[in-house]
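Here is the file input08.cif (mmCIF, C-alpha atoms).
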data_start
#
loop_
_atom_site.group_PDB
_atom_site.id
_atom_site.type_symbol
_atom_site.label_atom_id
_atom_site.label_comp_id
_atom_site.auth_asym_id
_atom_site.auth_seq_id
_atom_site.Cartn_x
_atom_site.Cartn_y
_atom_site.Cartn_z
ATOM 1 C CA MET R 1 7.182 -7.365 -10.288
ATOM 2 C CA VAL R 2 4.587 -4.801 -11.285
ATOM 3 C CA LEU R 3 1.742 -3.774 -9.049
ATOM 4 C CA LYS R 4 -0.983 -4.968 -11.426
ATOM 5 C CA ASP R 5 0.361 -8.545 -11.310
ATOM 6 C CA LEU R 6 0.495 -8.450 -7.516
ATOM 7 C CA CYS R 7 -3.100 -7.230 -7.315
ATOM 8 C CA GLU R 8 -4.241 -10.189 -9.372
ATOM 9 C CA GLU R 9 -2.005 -12.750 -7.662
ATOM 10 C CA LEU R 10 -2.903 -11.635 -4.134
ATOM 11 C CA ASP R 11 -6.555 -10.785 -4.783
ATOM 12 C CA LEU R 12 -6.096 -7.215 -3.575
ATOM 13 C CA GLU R 13 -9.070 -4.876 -3.626
ATOM 14 C CA ILE R 14 -8.294 -1.727 -5.602
ATOM 15 C CA LEU R 15 -9.703 1.314 -3.800
ATOM 16 C CA ASN R 16 -7.884 3.745 -6.073
ATOM 17 C CA GLU R 17 -5.917 2.944 -9.194
ATOM 18 C CA ALA R 18 -3.333 5.555 -10.059
ATOM 19 C CA ASP R 19 -0.605 3.595 -11.862
ATOM 20 C CA LEU R 20 -0.650 -0.182 -11.546
ATOM 21 C CA SER R 21 2.334 -0.459 -13.889
ATOM 22 C CA ARG R 22 4.679 0.689 -11.092
ATOM 23 C CA GLU R 23 7.445 -1.692 -10.131
ATOM 24 C CA VAL R 24 7.517 -3.009 -6.586
ATOM 25 C CA SER R 25 10.897 -3.367 -4.885
ATOM 26 C CA GLY R 26 9.840 -4.760 -1.500
ATOM 27 C CA CYS R 27 7.561 -3.826 1.340
ATOM 28 C CA TYR R 28 7.549 -1.863 4.543
ATOM 29 C CA ILE R 29 5.207 -2.744 7.396
ATOM 30 C CA GLY R 30 4.345 -0.059 9.902
ATOM 31 C CA ASP R 31 1.568 1.957 11.430
ATOM 32 C CA LEU R 32 3.577 4.732 13.072
ATOM 33 C CA LEU R 33 3.660 7.442 10.404
ATOM 34 C CA SER R 34 6.977 8.940 11.510
ATOM 35 C CA ASN R 35 8.649 5.524 11.165
ATOM 36 C CA VAL R 36 7.226 5.121 7.684
ATOM 37 C CA MET R 37 8.527 8.556 6.678
ATOM 38 C CA ALA R 38 11.976 7.677 8.010
ATOM 39 C CA ASN R 39 12.267 4.098 6.774
ATOM 40 C CA ALA R 40 10.000 3.237 3.843
ATOM 41 C CA GLN R 41 11.798 3.384 0.529
ATOM 42 C CA LYS R 42 10.752 4.445 -2.940
ATOM 43 C CA ASP R 43 8.785 1.787 -4.861
ATOM 44 C CA GLN R 44 8.103 -0.379 -1.817
ATOM 45 C CA LEU R 45 4.605 -1.397 -0.811
ATOM 46 C CA TRP R 46 3.455 0.022 2.490
ATOM 47 C CA LEU R 47 1.389 -2.412 4.566
ATOM 48 C CA THR R 48 -0.620 -0.748 7.332
ATOM 49 C CA ILE R 49 -3.886 -0.785 9.231
ATOM 50 C CA GLN R 50 -4.153 2.997 8.899
ATOM 51 C CA GLY R 51 -6.947 4.087 6.563
ATOM 52 C CA HIS R 52 -7.047 7.842 7.122
ATOM 53 C CA GLN R 53 -5.963 10.844 5.050
ATOM 54 C CA ASN R 54 -2.556 11.205 6.705
ATOM 55 C CA THR R 55 -1.660 7.815 5.231
ATOM 56 C CA ILE R 56 -1.997 9.287 1.750
ATOM 57 C CA ALA R 57 0.243 12.238 2.611
ATOM 58 C CA VAL R 58 2.941 9.977 4.064
ATOM 59 C CA SER R 59 2.811 7.651 1.052
ATOM 60 C CA LEU R 60 3.611 10.630 -1.178
ATOM 61 C CA LEU R 61 6.575 11.628 0.971
ATOM 62 C CA ALA R 62 7.924 8.072 0.977
ATOM 63 C CA GLU R 63 7.200 7.576 -2.747
ATOM 64 C CA VAL R 64 5.871 4.060 -2.179
ATOM 65 C CA SER R 65 4.322 2.121 -5.069
ATOM 66 C CA ALA R 66 1.099 1.597 -3.142
ATOM 67 C CA VAL R 67 -0.508 1.622 0.252
ATOM 68 C CA ILE R 68 -2.139 -1.664 1.197
ATOM 69 C CA VAL R 69 -4.542 -1.442 4.101
ATOM 70 C CA VAL R 70 -4.470 -4.871 5.747
ATOM 71 C CA GLU R 71 -6.763 -6.850 8.064
ATOM 72 C CA ASP R 72 -9.775 -5.560 6.136
ATOM 73 C CA SER R 73 -9.417 -2.318 8.126
ATOM 74 C CA GLU R 74 -11.763 0.511 7.298
ATOM 75 C CA VAL R 75 -10.648 3.166 4.830
ATOM 76 C CA ASP R 76 -12.668 6.355 4.989
ATOM 77 C CA GLN R 77 -14.077 7.944 1.840
ATOM 78 C CA LYS R 78 -12.007 11.105 2.357
ATOM 79 C CA SER R 79 -8.860 8.999 2.099
ATOM 80 C CA ILE R 80 -10.019 7.356 -1.114
ATOM 81 C CA LYS R 81 -10.857 10.768 -2.578
ATOM 82 C CA ARG R 82 -7.466 12.114 -1.480
ATOM 83 C CA ALA R 83 -5.734 9.132 -3.110
ATOM 84 C CA GLU R 84 -7.598 9.910 -6.336
ATOM 85 C CA GLU R 85 -6.594 13.581 -6.184
ATOM 86 C CA LYS R 86 -2.930 12.832 -5.438
ATOM 87 C CA GLY R 87 -2.460 9.792 -7.696
ATOM 88 C CA VAL R 88 -1.806 7.224 -4.972
ATOM 89 C CA ASN R 89 -2.425 3.513 -5.510
ATOM 90 C CA LEU R 90 -4.626 2.526 -2.582
ATOM 91 C CA LEU R 91 -5.335 -1.164 -2.064
ATOM 92 C CA LYS R 92 -6.935 -3.357 0.563
ATOM 93 C CA SER R 93 -6.420 -6.917 1.796
ATOM 94 C CA GLU R 94 -8.204 -9.177 4.257
ATOM 95 C CA LEU R 95 -4.839 -10.710 5.211
ATOM 96 C CA THR R 96 -2.744 -9.600 8.172
ATOM 97 C CA ALA R 97 0.466 -7.720 7.429
ATOM 98 C CA TYR R 98 2.446 -10.835 8.300
ATOM 99 C CA GLU R 99 0.395 -13.102 6.024
ATOM 100 C CA LEU R 100 0.607 -10.641 3.156
ATOM 101 C CA ALA R 101 4.354 -10.103 3.612
ATOM 102 C CA LYS R 102 4.874 -13.868 3.584
ATOM 103 C CA ARG R 103 2.983 -14.168 0.314
ATOM 104 C CA LEU R 104 4.936 -11.254 -1.142
ATOM 105 C CA SER R 105 8.172 -12.966 -0.149
ATOM 106 C CA ASP R 106 6.999 -16.208 -1.748
ATOM 107 C CA LEU R 107 6.479 -14.217 -4.964
ATOM 108 C CA GLY R 108 10.006 -12.830 -4.805
ATOM 109 C CA VAL R 109 9.107 -9.322 -3.679
#
Using structure tokens, write down the structure from this file.
Amino acid sequence: MVLKDLCEELDLEILNEADLSREVSGCYIGDLLSNVMANAQKDQLWLTIQGHQNTIAVSLLAEVSAVIVVEDSEVDQKSIKRAEEKGVNLLKSELTAYELAKRLSDLGV
């Protein structure tokens, strides 16, 4: 499934749109950046409560399709600007990571 379809289906807020035509192959849930670097895989969604600039850097290393900040957590403006500069899809959801992962699973992601 492509990211654009997921944004519409899951009512995700788009904080930065880089390439919503990217395919999504699954998701990784984690807030510890070193775990994300070690375990997230290319083209997965990364679900996290982290909304700071280091999140953008880690998403580039992991080559995820998008970062989705869950639980309506705050994302600082520096992070949004960094996502724009680096071409990272940065999204936001009011759902918890569990609720969002369940919905992703229901959609076949």
When the PyMOL selection byres ((chain R and resi 91) around 8) is applied to the structure above, which residues does it catch, written out as a list in words?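 With the shown file as input, the PyMOL selection byres ((chain R and resi 91) around 8) matches Leu12, Glu13, Ile14, Leu15, Asn16, Ala66, Val67, Ile68, Val69, Asn89, Leu90, Lys92 and Ser93 of chain R.
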Selection result of the PyMOL selection byres ((chain R and resi 47) around 6) on this file, as a PyMOL selection string: chain R and resi 29+46+48+68
Result set, the PyMOL selection byres ((chain R and resi 100) around 12) on current file, as a ChimeraX atom specification: /R:6-7,9-12,26-29,45-48,68-72,92-99,101-107,109
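Among R:Ser59, R:Ile49, R:Leu3, R:Leu32, the residue with the shortest atom-to-atom distance to R:Asp19, counting all atoms listed in the file, is R:Leu3.
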Could you pull the residues within 8 Å of R:Ile56, counting all atoms listed in the file, minus those fewer than 4 positions along the same chain, as a list in words? His52, Leu60, Val67, Ser79, Arg82, Ala83 and Val88 of chain R
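Using all atoms listed in the file, the nearest neighbour of R:Thr55 within the list R:Ser73, R:Glu85, R:Asp31, R:Gln41 is R:Asp31.
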Counting all atoms listed in the file, the residue of R:Val64, R:Lys78, R:Glu17, R:Lys4 that sits nearest R:Val36: R:Val64
Between atom CA of R:Ser25 and atom CA of R:Gln44, measure the distance and give it in Å to one decimal.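 Result for atom CA of R:Ser25 versus atom CA of R:Gln44: 5.1 Å, one decimal.
Distances from R:Glu63, R:Ala18, R:Asp76, R:Gln53 to R:Ala38 were compared using all atoms listed in the file, and the smallest one belongs to R:Glu63.
Interatomic distance, atom CA of R:Asn35 against atom CA of R:Glu8: 28.9 Å.
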